[in-house]
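target-v9.cif, holding mmCIF, C-alpha atoms and all ligand atoms:
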```cif
data_run
#
loop_
_atom_site.label_atom_id
_atom_site.label_comp_id
_atom_site.auth_asym_id
_atom_site.auth_seq_id
_atom_site.Cartn_x
_atom_site.Cartn_y
_atom_site.Cartn_z
CA MET A 106 138.16 135.58 -43.10
CA PRO A 107 136.12 137.57 -40.54
CA MET A 108 134.19 135.77 -37.83
CA PRO A 109 130.45 135.48 -38.54
CA ASP A 110 128.38 138.11 -36.67
CA SER A 111 125.36 135.88 -36.28
CA ILE A 112 124.63 132.19 -36.61
CA ALA A 113 121.86 129.63 -36.34
CA LEU A 114 122.87 126.96 -33.81
CA TYR A 115 122.09 123.25 -34.18
CA ILE A 116 122.67 120.92 -31.21
CA HIS A 117 122.72 117.20 -32.02
CA VAL A 118 121.43 114.59 -29.56
CA PRO A 119 122.42 111.12 -30.85
CA PHE A 120 120.28 109.03 -28.48
CA CYS A 121 117.06 107.17 -29.25
CA GLU A 122 115.23 104.63 -27.13
CA THR A 123 115.01 102.31 -30.15
CA LYS A 124 116.30 102.64 -33.69
CA CYS A 125 113.56 102.99 -36.33
CA PRO A 126 114.07 100.60 -39.28
CA TYR A 127 114.13 103.37 -41.93
CA CYS A 128 116.50 105.73 -40.10
CA ASP A 129 120.08 106.35 -41.20
CA PHE A 130 120.73 109.41 -39.02
CA ASN A 131 123.74 109.42 -36.74
CA THR A 132 121.75 108.14 -33.78
CA TYR A 133 122.03 105.12 -31.51
CA SER A 134 120.02 103.13 -29.03
CA GLY A 135 121.48 101.25 -26.07
CA ILE A 136 124.18 103.80 -25.23
CA ASP A 137 122.29 105.68 -22.52
CA GLY A 138 125.25 105.28 -20.17
CA LEU A 139 127.07 107.84 -22.34
CA ILE A 140 124.51 110.60 -21.72
CA PRO A 141 126.24 112.34 -18.76
CA GLY A 142 129.62 112.35 -20.56
CA TYR A 143 127.94 113.47 -23.75
CA VAL A 144 126.27 116.44 -22.13
CA ALA A 145 129.61 117.48 -20.59
CA ALA A 146 131.28 117.17 -24.01
CA LEU A 147 128.55 119.24 -25.69
CA LYS A 148 129.07 121.96 -23.10
CA ALA A 149 132.81 121.88 -23.76
CA GLU A 150 132.19 122.21 -27.49
CA LEU A 151 129.72 125.06 -27.02
CA HIS A 152 132.21 126.95 -24.81
CA GLN A 153 134.95 126.31 -27.33
CA TRP A 154 132.95 127.73 -30.26
CA GLY A 155 131.75 130.70 -28.23
CA LYS A 156 135.41 131.64 -27.68
CA LEU A 157 136.66 130.75 -31.17
CA LEU A 158 133.95 132.78 -32.90
CA ALA A 159 134.15 135.70 -30.44
CA ARG A 160 130.68 135.13 -29.04
CA PRO A 161 128.47 135.66 -32.09
CA THR A 162 124.77 136.45 -31.96
CA VAL A 163 122.55 133.36 -32.10
CA THR A 164 119.29 133.91 -33.97
CA SER A 165 117.83 130.42 -33.51
CA ILE A 166 118.64 127.19 -31.69
CA PHE A 167 117.49 123.74 -32.75
CA PHE A 168 117.88 120.63 -30.60
CA GLY A 169 117.66 117.79 -33.15
CA GLY A 170 118.62 114.20 -33.34
CA GLY A 171 118.14 111.56 -32.44
CA THR A 172 115.59 112.23 -29.80
CA PRO A 173 116.40 115.40 -27.81
CA SER A 174 113.33 114.81 -25.61
CA TYR A 175 115.04 111.60 -24.45
CA LEU A 176 117.60 113.73 -22.54
CA PRO A 177 116.85 114.42 -18.87
CA THR A 178 115.26 117.85 -18.54
CA ASP A 179 118.02 119.05 -16.17
CA ASP A 180 120.55 118.32 -18.89
CA LEU A 181 118.58 120.36 -21.42
CA GLY A 182 118.36 123.23 -18.94
CA GLY A 183 122.12 123.00 -18.33
CA LEU A 184 122.79 123.07 -22.07
CA MET A 185 120.62 126.15 -22.49
CA ASP A 186 122.54 127.89 -19.67
CA CYS A 187 125.77 126.95 -21.40
CA VAL A 188 124.56 128.35 -24.74
CA ARG A 189 123.65 131.64 -23.06
CA ASP A 190 127.05 131.77 -21.33
CA SER A 191 128.91 131.14 -24.57
CA PHE A 192 126.90 133.07 -27.18
CA ASP A 193 124.83 136.21 -27.44
CA VAL A 194 121.39 134.64 -27.79
CA GLN A 195 118.86 137.10 -29.23
CA PRO A 196 115.95 137.65 -26.82
CA GLU A 197 113.48 136.75 -29.58
CA ALA A 198 115.47 133.71 -30.80
CA GLU A 199 113.39 130.73 -31.90
CA ILE A 200 114.44 127.75 -29.74
CA THR A 201 113.12 124.40 -30.95
CA LEU A 202 113.24 120.93 -29.44
CA GLU A 203 112.40 117.80 -31.42
CA ALA A 204 110.24 115.54 -29.29
CA ASN A 205 108.84 112.05 -29.48
CA PRO A 206 105.16 112.01 -28.53
CA GLY A 207 105.72 109.53 -25.69
CA ASP A 208 108.18 111.92 -23.99
CA VAL A 209 105.84 114.91 -23.95
CA THR A 210 104.51 114.98 -20.38
CA PRO A 211 103.20 118.08 -18.54
CA ASP A 212 106.21 118.07 -16.17
CA ARG A 213 108.69 117.92 -19.00
CA LEU A 214 106.85 120.62 -20.95
CA ARG A 215 106.94 122.94 -17.94
CA SER A 216 110.65 122.35 -17.61
CA TYR A 217 111.25 123.02 -21.32
CA LEU A 218 109.48 126.36 -21.05
CA GLU A 219 111.46 127.27 -17.93
CA SER A 220 114.67 126.51 -19.83
CA GLY A 221 113.69 129.00 -22.53
CA LEU A 222 112.54 126.60 -25.26
CA ASN A 223 109.72 128.22 -27.23
CA ARG A 224 108.99 125.82 -30.09
CA LEU A 225 108.27 122.11 -30.13
CA SER A 226 108.55 119.83 -33.16
CA ILE A 227 106.65 116.62 -32.49
CA GLY A 228 107.55 113.52 -34.52
CA VAL A 229 104.01 112.29 -35.20
CA GLN A 230 104.79 110.69 -38.63
CA SER A 231 101.29 109.19 -39.03
CA PHE A 232 97.91 109.03 -37.33
CA ASP A 233 97.53 105.39 -38.39
CA ASP A 234 98.57 102.88 -35.72
CA GLU A 235 99.37 100.14 -38.22
CA LEU A 236 101.70 102.43 -40.18
CA LEU A 237 103.34 103.60 -36.97
CA LYS A 238 104.20 99.94 -36.33
CA VAL A 239 105.61 99.61 -39.86
CA LEU A 240 107.80 102.63 -39.06
CA GLY A 241 108.91 101.04 -35.79
CA ARG A 242 107.63 104.01 -33.79
CA ARG A 243 106.91 103.54 -30.12
CA HIS A 244 103.87 105.82 -29.93
CA THR A 245 100.26 105.48 -31.06
CA ALA A 246 98.13 108.01 -32.92
CA SER A 247 96.20 108.73 -29.76
CA GLU A 248 99.42 109.41 -27.82
CA ALA A 249 100.52 111.81 -30.54
CA MET A 250 97.26 113.75 -30.23
CA THR A 251 97.57 113.80 -26.43
CA ALA A 252 101.13 115.10 -26.75
CA TYR A 253 100.04 117.87 -29.10
CA HIS A 254 97.23 119.02 -26.79
CA ALA A 255 99.53 118.81 -23.75
CA ALA A 256 102.04 121.10 -25.50
CA LEU A 257 99.35 123.71 -26.14
CA GLU A 258 97.99 123.46 -22.60
CA ALA A 259 101.48 123.86 -21.15
CA GLY A 260 101.84 127.15 -23.02
CA PHE A 261 103.69 126.32 -26.25
CA SER A 262 102.12 128.49 -28.93
CA ASN A 263 104.52 127.41 -31.67
CA VAL A 264 104.21 123.66 -32.27
CA SER A 265 105.09 121.77 -35.42
CA ILE A 266 104.22 118.20 -36.33
CA ASP A 267 106.12 115.94 -38.74
CA LEU A 268 104.28 113.57 -41.07
CA MET A 269 105.58 110.96 -43.51
CA TYR A 270 104.12 109.71 -46.79
CA GLY A 271 105.20 107.29 -49.50
CA LEU A 272 105.31 104.47 -46.93
CA PRO A 273 105.02 100.73 -47.48
CA TYR A 274 101.39 99.64 -47.02
CA GLN A 275 100.18 103.27 -47.10
CA ASP A 276 97.33 103.99 -49.51
CA MET A 277 95.63 107.24 -50.41
CA GLY A 278 92.82 106.59 -47.95
CA THR A 279 95.09 106.25 -44.92
CA TRP A 280 97.11 109.29 -46.03
CA GLN A 281 93.96 111.41 -46.43
CA ALA A 282 92.80 110.30 -42.99
CA THR A 283 96.15 111.36 -41.48
CA LEU A 284 95.97 114.71 -43.28
CA GLU A 285 92.44 115.30 -42.02
CA THR A 286 93.39 114.49 -38.43
CA ALA A 287 96.39 116.78 -38.73
CA VAL A 288 94.41 119.77 -39.97
CA GLU A 289 91.71 119.18 -37.36
CA LEU A 290 94.43 119.67 -34.74
CA SER A 291 95.30 122.87 -36.64
CA PRO A 292 98.98 123.09 -35.62
CA PRO A 293 100.86 126.29 -36.50
CA HIS A 294 103.34 124.32 -38.63
CA ILE A 295 103.42 120.97 -40.44
CA SER A 296 106.41 119.32 -42.16
CA MET A 297 105.77 116.40 -44.53
CA TYR A 298 108.54 114.12 -45.75
CA CYS A 299 108.46 111.39 -48.34
CA LEU A 300 110.12 108.23 -47.08
CA THR A 301 113.55 107.62 -48.60
CA LEU A 302 114.75 104.03 -48.47
CA GLU A 303 118.33 104.63 -47.34
CA GLY A 304 120.83 101.93 -48.28
CA GLY A 305 121.70 99.53 -45.49
CA THR A 306 118.72 100.29 -43.27
CA PRO A 307 116.59 97.32 -42.14
CA MET A 308 113.62 98.67 -44.09
CA GLU A 309 115.61 98.98 -47.30
CA GLN A 310 116.85 95.41 -46.86
CA ALA A 311 113.34 94.12 -46.16
CA VAL A 312 112.13 95.78 -49.37
CA ALA A 313 115.08 94.36 -51.32
CA LEU A 314 114.27 90.86 -50.02
CA GLY A 315 110.60 91.23 -50.92
CA GLN A 316 109.52 91.03 -47.27
CA THR A 317 108.08 94.56 -47.34
CA PRO A 318 106.32 96.07 -50.37
CA GLU A 319 108.24 98.76 -52.20
CA PRO A 320 106.53 102.17 -51.92
CA ASP A 321 105.02 103.37 -55.19
CA ALA A 322 106.70 106.60 -56.34
CA ASP A 323 103.68 107.69 -58.41
CA LEU A 324 101.38 107.18 -55.45
CA ALA A 325 103.78 109.19 -53.27
CA ALA A 326 103.61 112.05 -55.83
CA ASP A 327 99.80 111.90 -55.68
CA MET A 328 99.99 112.03 -51.87
CA TYR A 329 102.08 115.18 -52.11
CA LEU A 330 99.49 116.77 -54.43
CA ALA A 331 96.71 115.76 -52.04
CA ALA A 332 98.64 117.38 -49.19
CA GLN A 333 99.03 120.60 -51.19
CA ASP A 334 95.27 120.71 -51.84
CA THR A 335 94.29 119.97 -48.24
CA MET A 336 96.71 122.47 -46.77
CA ARG A 337 95.67 125.20 -49.21
CA GLU A 338 92.01 124.67 -48.37
CA GLN A 339 92.87 125.02 -44.69
CA GLY A 340 94.67 128.31 -45.25
CA TYR A 341 98.22 127.15 -44.64
CA ARG A 342 101.08 128.81 -46.46
CA HIS A 343 103.19 126.32 -48.43
CA TYR A 344 106.34 128.29 -47.73
CA GLU A 345 108.87 125.57 -48.53
CA ILE A 346 108.67 122.39 -50.61
CA SER A 347 108.11 120.15 -47.54
CA ASN A 348 106.75 122.71 -45.08
CA TRP A 349 103.48 124.49 -44.40
CA SER A 350 102.75 127.09 -41.75
CA LYS A 351 100.22 129.56 -40.55
CA ASN A 352 101.27 133.12 -41.29
CA GLY A 353 104.36 134.27 -39.45
CA LEU A 354 105.10 130.84 -37.98
CA GLU A 355 107.62 129.54 -40.50
CA SER A 356 110.61 127.76 -38.98
CA LEU A 357 113.15 130.54 -38.57
CA HIS A 358 115.94 128.05 -37.97
CA ASN A 359 115.29 126.18 -41.21
CA LEU A 360 114.88 129.48 -43.09
CA ALA A 361 118.53 130.18 -42.22
CA TYR A 362 119.50 126.95 -44.04
CA TRP A 363 117.33 127.70 -47.04
CA ARG A 364 118.71 131.22 -47.28
CA ASN A 365 122.22 129.75 -47.16
CA GLN A 366 123.14 131.74 -44.06
CA PRO A 367 125.82 130.77 -41.51
CA TYR A 368 125.05 127.98 -39.07
CA LEU A 369 127.04 126.08 -36.51
CA GLY A 370 126.25 122.45 -35.69
CA VAL A 371 127.60 120.89 -32.50
CA GLY A 372 127.63 117.21 -31.63
CA PRO A 373 128.82 114.13 -33.56
CA GLY A 374 127.98 114.13 -37.25
CA ALA A 375 126.72 117.74 -37.15
CA HIS A 376 127.45 119.97 -40.15
CA SER A 377 128.37 123.64 -40.09
CA TYR A 378 128.62 126.42 -42.63
CA LEU A 379 130.62 129.48 -41.66
CA PRO A 380 131.28 131.08 -45.05
CA PRO A 381 133.35 130.24 -46.91
CA TYR A 382 133.91 127.03 -44.96
CA ARG A 383 131.67 124.01 -44.60
CA PHE A 384 132.76 121.37 -42.13
CA SER A 385 131.51 118.38 -40.20
CA CYS A 386 132.15 116.79 -36.85
CA LEU A 387 133.31 113.19 -36.46
CA LYS A 388 130.44 110.74 -36.02
CA SER A 389 131.35 108.51 -33.07
CA PRO A 390 129.76 109.70 -29.79
CA ARG A 391 132.44 107.88 -27.76
CA ARG A 392 135.32 109.52 -29.63
CA TYR A 393 133.54 112.87 -29.42
CA ILE A 394 133.25 112.58 -25.63
CA ASP A 395 136.85 111.47 -25.31
CA LEU A 396 138.22 114.37 -27.36
CA LEU A 397 136.17 117.03 -25.62
CA SER A 398 135.87 116.00 -22.03
CA GLY A 399 137.88 112.83 -21.53
CA PRO A 400 141.58 112.56 -20.62
CA ALA A 401 142.56 113.42 -24.22
CA ALA A 402 140.76 116.78 -24.10
CA LYS A 403 143.71 118.77 -22.74
CA ARG A 404 146.05 117.45 -25.45
CA HIS A 405 143.66 118.60 -28.20
CA ALA A 406 142.64 122.09 -27.10
CA ALA A 407 141.60 124.36 -29.98
CA VAL A 408 143.61 127.51 -30.72
CA GLU A 409 141.92 130.82 -29.99
CA ASP A 410 143.85 132.96 -32.40
CA GLY A 411 144.54 132.89 -36.11
CA ASP A 412 142.03 133.25 -38.90
CA LEU A 413 138.71 131.46 -39.14
CA LEU A 414 140.13 128.47 -41.03
CA ALA A 415 142.96 128.01 -38.51
CA ARG A 416 140.46 128.06 -35.67
CA ILE A 417 138.16 125.56 -37.37
CA ARG A 418 141.03 123.23 -38.19
CA SER A 419 142.36 123.37 -34.64
CA THR A 420 139.16 122.00 -33.13
CA PRO A 421 139.72 118.36 -32.14
CA THR A 422 136.39 116.98 -33.37
CA ILE A 423 136.22 118.47 -36.88
CA GLU A 424 136.88 115.84 -39.54
CA ALA A 425 136.42 117.50 -42.90
CA VAL A 426 136.64 121.15 -43.97
CA GLU A 427 135.66 122.28 -47.45
CA THR A 428 136.05 125.76 -48.91
CA ILE A 429 132.97 126.92 -50.77
CA ASP A 430 134.03 129.27 -53.57
CA ARG A 431 131.78 132.10 -54.76
CA GLU A 432 130.48 130.17 -57.78
CA LEU A 433 129.38 127.26 -55.62
CA GLU A 434 127.97 129.56 -52.93
CA MET A 435 125.92 131.31 -55.60
CA ALA A 436 124.60 128.02 -57.05
CA GLU A 437 123.75 126.72 -53.59
CA THR A 438 121.99 129.98 -52.75
CA MET A 439 119.84 129.52 -55.87
CA MET A 440 119.13 125.88 -55.10
CA MET A 441 118.17 126.44 -51.47
CA GLY A 442 116.31 129.72 -52.03
CA LEU A 443 114.13 128.33 -54.80
CA ARG A 444 112.75 125.81 -52.32
CA LEU A 445 110.91 128.75 -50.71
CA ASP A 446 107.67 130.20 -52.01
CA ASP A 447 109.27 133.64 -51.60
CA GLY A 448 112.03 132.39 -53.88
CA ILE A 449 115.21 134.38 -54.41
CA GLY A 450 115.05 138.06 -53.55
CA VAL A 451 116.78 139.95 -56.36
CA THR A 452 118.02 142.77 -54.09
CA ASP A 453 119.45 140.38 -51.47
CA PHE A 454 121.12 138.24 -54.12
CA THR A 455 122.63 141.27 -55.85
CA GLN A 456 123.97 142.66 -52.58
CA ARG A 457 125.52 139.33 -51.72
CA PHE A 458 127.06 138.46 -55.10
CA GLY A 459 127.49 141.80 -56.86
CA LYS A 460 125.17 140.92 -59.74
CA PRO A 461 121.49 140.02 -60.12
CA PRO A 462 120.56 136.37 -60.67
CA VAL A 463 119.39 137.04 -64.23
CA ASP A 464 122.93 138.16 -65.07
CA ALA A 465 124.59 135.29 -63.23
CA TYR A 466 122.39 132.60 -64.81
CA ALA A 467 120.94 134.26 -67.93
CA ASP A 468 120.75 131.11 -70.11
CA THR A 469 119.58 128.78 -67.35
CA ILE A 470 116.84 131.16 -66.19
CA ALA A 471 115.64 131.75 -69.77
CA GLU A 472 115.45 128.00 -70.37
CA LEU A 473 113.61 127.29 -67.10
CA GLU A 474 111.15 130.10 -67.87
CA SER A 475 110.49 128.70 -71.33
CA LEU A 476 109.82 125.29 -69.76
CA GLY A 477 107.30 126.84 -67.38
CA LEU A 478 109.34 125.86 -64.31
CA LEU A 479 110.36 129.28 -63.04
CA THR A 480 109.17 132.88 -63.15
CA ALA A 481 111.65 135.73 -63.01
CA GLY A 482 110.02 138.94 -61.73
CA VAL A 483 111.59 142.29 -60.98
CA ASP A 484 111.82 141.55 -57.26
CA SER A 485 112.17 137.80 -57.08
CA LEU A 486 112.67 134.47 -58.84
CA ARG A 487 110.25 131.71 -57.94
CA LEU A 488 109.44 128.18 -58.96
CA THR A 489 106.08 127.64 -60.63
CA HIS A 490 103.74 124.96 -59.34
CA ARG A 491 105.21 122.59 -61.92
CA GLY A 492 108.73 123.67 -60.99
CA ARG A 493 108.06 122.65 -57.39
CA MET A 494 107.02 119.19 -58.51
CA LEU A 495 110.26 118.92 -60.51
CA GLY A 496 112.47 120.71 -57.97
CA ASN A 497 115.52 118.48 -58.30
CA GLU A 498 115.42 118.84 -62.08
CA VAL A 499 115.45 122.65 -61.70
CA PHE A 500 118.14 122.76 -59.01
CA SER A 501 120.59 120.64 -60.97
CA ARG A 502 120.64 123.26 -63.76
CA PHE A 503 122.50 125.72 -61.54
CA PHE A 504 125.50 123.42 -61.01
S1 LIG B 1 113.34 108.44 -33.42
FE1 LIG B 1 114.02 109.62 -35.22
S2 LIG B 1 116.24 109.75 -35.03
FE2 LIG B 1 115.56 108.12 -33.63
S3 LIG B 1 115.79 106.25 -34.81
FE3 LIG B 1 113.66 106.96 -35.09
S4 LIG B 1 113.72 108.24 -36.97
FE4 LIG B 1 115.84 107.95 -36.27
#
```
Would you mind writing the file out in structure tokens?
Ligand code: SF4
Amino acid sequence: MPMPDSIALYIHVPFCETKCPYCDFNTYSGIDGLIPGYVAALKAELHQWGKLLARPTVTSIFFGGGTPSYLPTDDLGGLMDCVRDSFDVQPEAEITLEANPGDVTPDRLRSYLESGLNRLSIGVQSFDDELLKVLGRRHTASEAMTAYHAALEAGFSNVSIDLMYGLPYQDMGTWQATLETAVELSPPHISMYCLTLEGGTPMEQAVALGQTPEPDADLAADMYLAAQDTMREQGYRHYEISNWSKNGLESLHNLAYWRNQPYLGVGPGAHSYLPPYRFSCLKSPRRYIDLLSGPAAKRHAAVEDGDLLARIRSTPTIEAVETIDRELEMAETMMMGLRLDDGIGVTDFTQRFGKPPVDAYADTIAELESLGLLTAGVDSLRLTHRGRMLGNEVFSRFF
């Protein structure tokens, strides 16, 4: 298999000051002592992939977590230098950092800009202080607003905020108030996520024990509809099921995922897709550090020749590699692409798979059209408004 020419790059930061009770991401609190070793290991992994993939072009970089803004700014700057040393970063690449509102100070913002970061994603979650406490967040609504304004004043023109709905104790009134505050700020981009009670999290257990009320799924659906209305009235483009933006300010990094394009994830628990291979990194930060920059690193050096699969398999931190055959790649391309309001471009799909989607999925597309869930035009296939509400139902038909 040839090496990918260009990739989106995800860099995982598994540190948080405290662990939120609903979170099941691969993140940890109380391991700050690992940060210097972790940054050294990340640099080793970035160098390794730059060599193994013959220095591909990087179209976007996303520091996610965890709480990337929890890293010292010098470390972020050092990681950016390392990325530029190891990869061919496009001059216009979108470079995003996820930030907790409490970390967003003018000094830090200046340093982020100097390091080349050009997009900030602020984890606001809610503008209701009581709900922020339910979520175990450390910031207040007022701090979130201050952080947003500070980002603009520092010179970030591309700022996104994250909001959550479908929360315990949240009613339509508090959700509408959060929506109104959000659109008054008028950020270029807003992501909205419905809370999922992940098994084994403290919040899921509290709900199971009756200590916390179970969120109402019907109310959450109404909150989503209310969000659609509010955002439409404010002129935002609902370009993906959970994402709204002003024109031209869609998340380029996430568009690479939704278009099923190649991406490389570095850091413990990160996933990668370098067609036709999908693979993931082991989850333990300690083991990750040990294998990449500890005494064991020399014994586990990756090979720099052989085909793509041999190179992936030789990397010491990769746990699982899966080959995605053309049928599955095609189904995943449909599933991910239909999340977008642009839908599936017929020309792009045909170039990629050698046949148009209406040939590949004739019966499925006819059925979804007859149910009013999808429209198949000459240029593109898109979900209808109803299809968006029943997205999972639609996507499952392609598998
Ligand atoms: S800050 Fe984000 S990543 Fe960290 S524990 Fe909370 S939800 Fe999880």
Give me, as a Markdown table, the closest atom pair and its distance (Å, one decimal) for every residue of chain A within a cut-off of 9 Å of ligand LIG 1 (chain B), counting only C-alpha atoms and all ligand atoms, rows sorted by chain and rising number.
```
| residue | atom | partner | partner_atom | distance |
| --- | --- | --- | --- | --- |
| A:Val118 | CA | B:LIG1 | S2 | 9.0 |
| A:Pro119 | CA | B:LIG1 | S2 | 7.6 |
| A:Phe120 | CA | B:LIG1 | FE2 | 7.0 |
| A:Cys121 | CA | B:LIG1 | FE2 | 4.7 |
| A:Glu122 | CA | B:LIG1 | FE2 | 7.4 |
| A:Thr123 | CA | B:LIG1 | S3 | 6.2 |
| A:Lys124 | CA | B:LIG1 | S3 | 3.8 |
| A:Cys125 | CA | B:LIG1 | FE3 | 4.2 |
| A:Pro126 | CA | B:LIG1 | S3 | 7.4 |
| A:Tyr127 | CA | B:LIG1 | S4 | 7.0 |
| A:Cys128 | CA | B:LIG1 | FE4 | 4.5 |
| A:Asp129 | CA | B:LIG1 | FE4 | 6.7 |
| A:Phe130 | CA | B:LIG1 | FE4 | 5.8 |
| A:Asn131 | CA | B:LIG1 | S2 | 7.7 |
| A:Thr132 | CA | B:LIG1 | S2 | 5.9 |
| A:Tyr133 | CA | B:LIG1 | S3 | 7.1 |
| A:Ser134 | CA | B:LIG1 | S3 | 7.8 |
| A:Gly169 | CA | B:LIG1 | S2 | 8.4 |
| A:Gly170 | CA | B:LIG1 | S2 | 5.3 |
| A:Gly171 | CA | B:LIG1 | S2 | 3.7 |
| A:Thr172 | CA | B:LIG1 | FE2 | 5.6 |
| A:Ala204 | CA | B:LIG1 | S1 | 8.8 |
| A:Asn205 | CA | B:LIG1 | S1 | 7.0 |
| A:Gly228 | CA | B:LIG1 | FE1 | 7.6 |
| A:Leu240 | CA | B:LIG1 | FE3 | 8.3 |
| A:Gly241 | CA | B:LIG1 | FE3 | 7.6 |
| A:Arg242 | CA | B:LIG1 | FE3 | 6.8 |
| A:Arg243 | CA | B:LIG1 | S1 | 8.7 |
```
Neighbouring residues of Pro367 of chain A were defined as those with any atom within 8 Å, considering only C-alpha atoms; residues of the same chain fewer than 4 positions away were excluded. Please report them as a PyMOL selection string. chain A and resi 109+111-113+361-362+377-380
Would you mind exporting the chosen residues as a PDB file, in the frame of the given file, restricted to C-alpha atoms?
```
ATOM      1  CA  PRO A 109     130.450 135.480 -38.540  1.00  0.00           C
ATOM      2  CA  SER A 111     125.360 135.880 -36.280  1.00  0.00           C
ATOM      3  CA  ILE A 112     124.630 132.190 -36.610  1.00  0.00           C
ATOM      4  CA  ALA A 113     121.860 129.630 -36.340  1.00  0.00           C
ATOM      5  CA  ALA A 361     118.530 130.180 -42.220  1.00  0.00           C
ATOM      6  CA  TYR A 362     119.500 126.950 -44.040  1.00  0.00           C
ATOM      7  CA  SER A 377     128.370 123.640 -40.090  1.00  0.00           C
ATOM      8  CA  TYR A 378     128.620 126.420 -42.630  1.00  0.00           C
ATOM      9  CA  LEU A 379     130.620 129.480 -41.660  1.00  0.00           C
ATOM     10  CA  PRO A 380     131.280 131.080 -45.050  1.00  0.00           C
TER      11      PRO A 380
END
```
Option closest in space to Thr455 of chain A, from A:Ser475, A:Ser485, A:Ser220, A:Thr283 [counting only C-alpha atoms]: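 With only C-alpha atoms as the atom set, the closest residue is A:Ser485.
The list of residues with at least one atom within 9 Å of Glu355 of chain A, based on all atoms listed in the file and without residues fewer than 3 positions apart in the same chain, reads Pro293, His294, Arg342, Tyr344, Asn348, Trp349, Ser350, Lys351, Asn352, His358, Asn359 and Leu360 of chain A.
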Write a file of the selected residues as a PDB file, in the frame of the given file, keeping C-alpha atoms.
```pdb
ATOM      1  CA  PRO A 293     100.860 126.290 -36.500  1.00  0.00           C
ATOM      2  CA  HIS A 294     103.340 124.320 -38.630  1.00  0.00           C
ATOM      3  CA  ARG A 342     101.080 128.810 -46.460  1.00  0.00           C
ATOM      4  CA  TYR A 344     106.340 128.290 -47.730  1.00  0.00           C
ATOM      5  CA  ASN A 348     106.750 122.710 -45.080  1.00  0.00           C
ATOM      6  CA  TRP A 349     103.480 124.490 -44.400  1.00  0.00           C
ATOM      7  CA  SER A 350     102.750 127.090 -41.750  1.00  0.00           C
ATOM      8  CA  LYS A 351     100.220 129.560 -40.550  1.00  0.00           C
ATOM      9  CA  ASN A 352     101.270 133.120 -41.290  1.00  0.00           C
ATOM     10  CA  HIS A 358     115.940 128.050 -37.970  1.00  0.00           C
ATOM     11  CA  ASN A 359     115.290 126.180 -41.210  1.00  0.00           C
ATOM     12  CA  LEU A 360     114.880 129.480 -43.090  1.00  0.00           C
TER      13      LEU A 360
END
```
Counting all atoms listed in the file, what is within 7 Å of segment 413-416 of chain A, bar same-chain residues fewer than 6 positions away, as number ranges by chain? A: 106-108, 157, 407
Just want the 12 Å neighbourhood of Ala467 of chain A, counted on all atoms listed in the file, with same-chain residues fewer than 6 positions away dropped. Output as a PyMOL selection string. chain A and resi 460-461+473-474+481+502-503
Write out as a PyMOL selection string the residues lying within 10 Å of Val144 of chain A, counting only C-alpha atoms and excluding same-chain residues fewer than 2 positions away. chain A and resi 118+139-142+146-150+176+180-181+183-184+372+394+398
Atom-to-atom span, atom CA of Gly260 of chain A and atom CA of Thr164 of chain A, Å: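 So the answer is 21.7 Å.
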What does the structure give for the distance between atom CA of Met269 of chain A and atom CA of Gly492 of chain A, in Å to one decimal? 21.8 Å
Of the listed residues A:Gly155, A:Gly271, A:Gly207, A:Pro373, that which approaches Val229 of chain A most closely, counting all atoms listed in the file: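 Among the listed residues, A:Gly207 lies closest to Val229 of chain A.
Using all atoms listed in the file, the nearest neighbour of Asp212 of chain A within the list A:Pro196, A:Asp395, A:Asp179, A:Val499 is A:Asp179.
With distances restricted to all atoms listed in the file, A:Ile423 is the closest residue to Arg392 of chain A from A:Leu218, A:Tyr341, A:Trp363, A:Ile423.
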Just to confirm, what's the straight-line distance from atom CA of Gly278 of chain A to atom CA of Ser265 of chain A in Å (one decimal)?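 Between these atoms lies a distance of 23.2 Å.
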Let me make sure I understand: among A:Ala252, A:Val239, A:Cys386, A:Cys299, which one has the smallest atom-to-atom distance to Thr317 of chain A if we use only C-alpha atoms?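 Checking each of A:Ala252, A:Val239, A:Cys386, A:Cys299 against Thr317 of chain A, counting only C-alpha atoms, the winner is A:Val239.
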Of the candidates A:Leu479, A:Leu357, A:Leu314, A:Val371, which shows the shortest atom-to-atom distance to Leu443 of chain A, using only C-alpha atoms?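 Among A:Leu479, A:Leu357, A:Leu314, A:Val371, it is A:Leu479 that comes nearest to Leu443 of chain A.
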